[in-house]
file model.txt (compact mmCIF, C-alpha atoms and all ligand atoms)
# COMPACT_ATOMS: atom_id res chain seq x y z
CA MET Y 1 -16.84 54.43 15.89
CA ILE Y 2 -19.97 52.36 16.47
CA CYS Y 3 -21.76 52.51 19.78
CA THR Y 4 -21.63 49.03 21.28
CA GLN Y 5 -24.84 49.72 23.14
CA CYS Y 6 -27.19 50.84 20.36
CA ASN Y 7 -25.02 50.14 17.31
CA LYS Y 8 -25.35 53.72 16.07
CA GLU Y 9 -22.39 55.30 14.43
CA PHE Y 10 -20.95 58.31 16.24
CA ILE Y 11 -17.86 60.42 16.39
CA LYS Y 12 -16.07 59.92 19.66
CA SER Y 13 -14.86 63.00 21.42
CA SER Y 14 -12.40 61.22 23.69
CA ASN Y 15 -10.39 58.00 23.47
CA ALA Y 16 -12.22 56.52 26.42
CA GLN Y 17 -15.62 57.08 24.90
CA LYS Y 18 -17.32 53.86 23.88
CA TYR Y 19 -20.91 54.99 23.57
CA CYS Y 20 -22.74 57.64 21.60
CA SER Y 21 -24.61 59.14 24.54
CA LYS Y 22 -24.83 59.23 28.32
CA GLU Y 23 -27.93 57.05 28.07
CA CYS Y 24 -25.95 54.34 26.33
CA THR Y 25 -23.19 54.57 28.91
CA LYS Y 26 -25.76 54.15 31.67
CA GLY Y 27 -27.42 51.30 29.82
CA SER Y 28 -24.12 49.55 29.30
CA LYS Y 29 -23.35 49.75 32.99
CA LYS Y 30 -26.64 48.02 33.74
CA GLU Y 31 -25.91 45.41 31.11
CA SER Y 32 -22.39 44.71 32.36
CA LEU Y 33 -23.75 44.36 35.88
CA LYS Y 34 -26.26 41.80 34.61
CA LYS Y 35 -23.48 40.01 32.78
CA TYR Y 36 -21.39 40.11 35.94
CA TYR Y 37 -24.08 38.42 37.99
CA ARG Y 38 -24.64 35.86 35.24
CA SER Y 39 -20.93 35.09 35.03
CA ASP Y 40 -19.19 32.53 37.23
CA ILE Y 41 -17.33 35.23 39.13
CA GLY Y 42 -20.59 36.95 39.95
CA LYS Y 43 -22.21 33.71 41.01
CA LYS Y 44 -19.29 32.90 43.29
CA ALA Y 45 -19.44 36.35 44.84
CA ASN Y 46 -23.17 35.90 45.30
CA ARG Y 47 -22.69 32.50 46.89
CA ARG Y 48 -20.20 33.85 49.37
CA GLY Y 49 -22.62 36.57 50.36
CA SER Y 50 -25.80 34.52 50.55
CA LEU Y 51 -26.41 31.57 52.84
CA LYS Y 52 -29.70 30.93 51.11
CA TYR Y 53 -27.91 29.73 48.02
CA SER Y 54 -25.64 27.25 49.84
CA GLN Y 55 -28.64 25.94 51.76
CA SER Y 56 -30.59 25.39 48.57
CA ASP Y 57 -30.49 22.07 46.77
CA ALA Y 58 -28.52 23.54 43.92
CA GLY Y 59 -25.93 24.91 46.34
CA LYS Y 60 -25.61 21.61 48.18
CA LYS Y 61 -25.18 19.64 44.98
CA LYS Y 62 -22.50 22.00 43.79
CA GLN Y 63 -20.66 21.80 47.10
CA LYS Y 64 -20.71 18.00 46.95
CA ILE Y 65 -19.21 18.03 43.50
CA TYR Y 66 -16.63 20.46 44.73
CA THR Y 67 -15.56 18.62 47.90
CA GLN Y 68 -15.89 15.02 46.75
CA SER Y 69 -13.27 14.00 44.26
CA ASP Y 70 -13.45 10.57 42.62
CA LYS Y 71 -10.99 9.28 45.23
CA ASP Y 72 -13.16 10.49 48.09
CA ILE Y 73 -16.21 8.82 46.65
CA ARG Y 74 -14.29 5.55 46.22
CA ASN Y 75 -12.91 5.75 49.78
CA ASN Y 76 -16.35 6.45 51.13
CA ALA Y 77 -17.72 3.46 49.23
CA GLN Y 78 -14.99 1.20 50.68
CA PHE Y 79 -15.57 2.56 54.15
CA GLY Y 80 -19.28 1.96 53.82
CA HIS Y 81 -18.60 -1.60 52.68
CA LEU Y 82 -16.37 -2.31 55.70
CA ASN Y 83 -18.98 -0.89 58.00
CA GLY Y 84 -21.52 -3.16 56.40
CA LEU Y 85 -19.32 -6.21 57.07
CA LYS Y 86 -18.88 -5.23 60.71
CA ASN Y 87 -22.59 -4.92 61.15
CA HIS Y 88 -23.29 -8.37 59.78
ZN ZN S 101 -25.54 54.47 21.65
call {"tool": "encode", "arguments": {"input": "model.txt", "output": "structure tokens"}}
result
Amino acid sequence: MICTQCNKEFIKSSNAQKYCSKECTKGSKKESLKKYYRSDIGKKANRRGSLKYSQSDAGKKKQKIYTQSDKDIRNNAQFGHLNGLKNH
């Protein structure tokens, strides 16, 4: 068995063991947490929890992409055009 954390070979004492030492197990938990926050699921969870993100430019842009489908954008463009005619 090769430790996925440090790539050292070790003999596992239990089926659940993935790492050669407690240090590697700890390290892997940190790593998986980092990966979690880098992943889409982590980002979504972060977004839900933080208003700062949705208020940021990046958050706003993403929300626009999310809420405006192509149809919506086309409808909005038509609506804007009609409004323009009324104003003239
Ligand atoms: Zn290790």
call {"tool": "atom_distance", "arguments": {"input": "model.txt", "atom1": "CA of Lys12 in chain Y", "atom2": "CA of Leu33 in chain Y"}}
result
23.8 Å
call {"tool": "atom_distance", "arguments": {"input": "model.txt", "atom1": "CA of Ser13 in chain Y", "atom2": "CA of Tyr36 in chain Y"}}
result
27.9 Å
call {"tool": "residues_near_ligand", "arguments": {"input": "model.txt", "ligand": "ligand ZN 101 (chain S)", "cutoff": "8 Å", "atoms": "only C-alpha atoms and all ligand atoms", "output": "ChimeraX atom specification"}}
result
/Y:2-9,19-21,23-25
call {"tool": "atom_distance", "arguments": {"input": "model.txt", "atom1": "CA of Lys44 in chain Y", "atom2": "CA of Lys30 in chain Y"}}
result
19.3 Å
call {"tool": "closest_residue", "arguments": {"input": "model.txt", "among": "Y:Ser32, Y:Met1, Y:Tyr37, Y:Lys61", "to": "Ala16 in chain Y", "atoms": "only C-alpha atoms"}}
result
Y:Met1
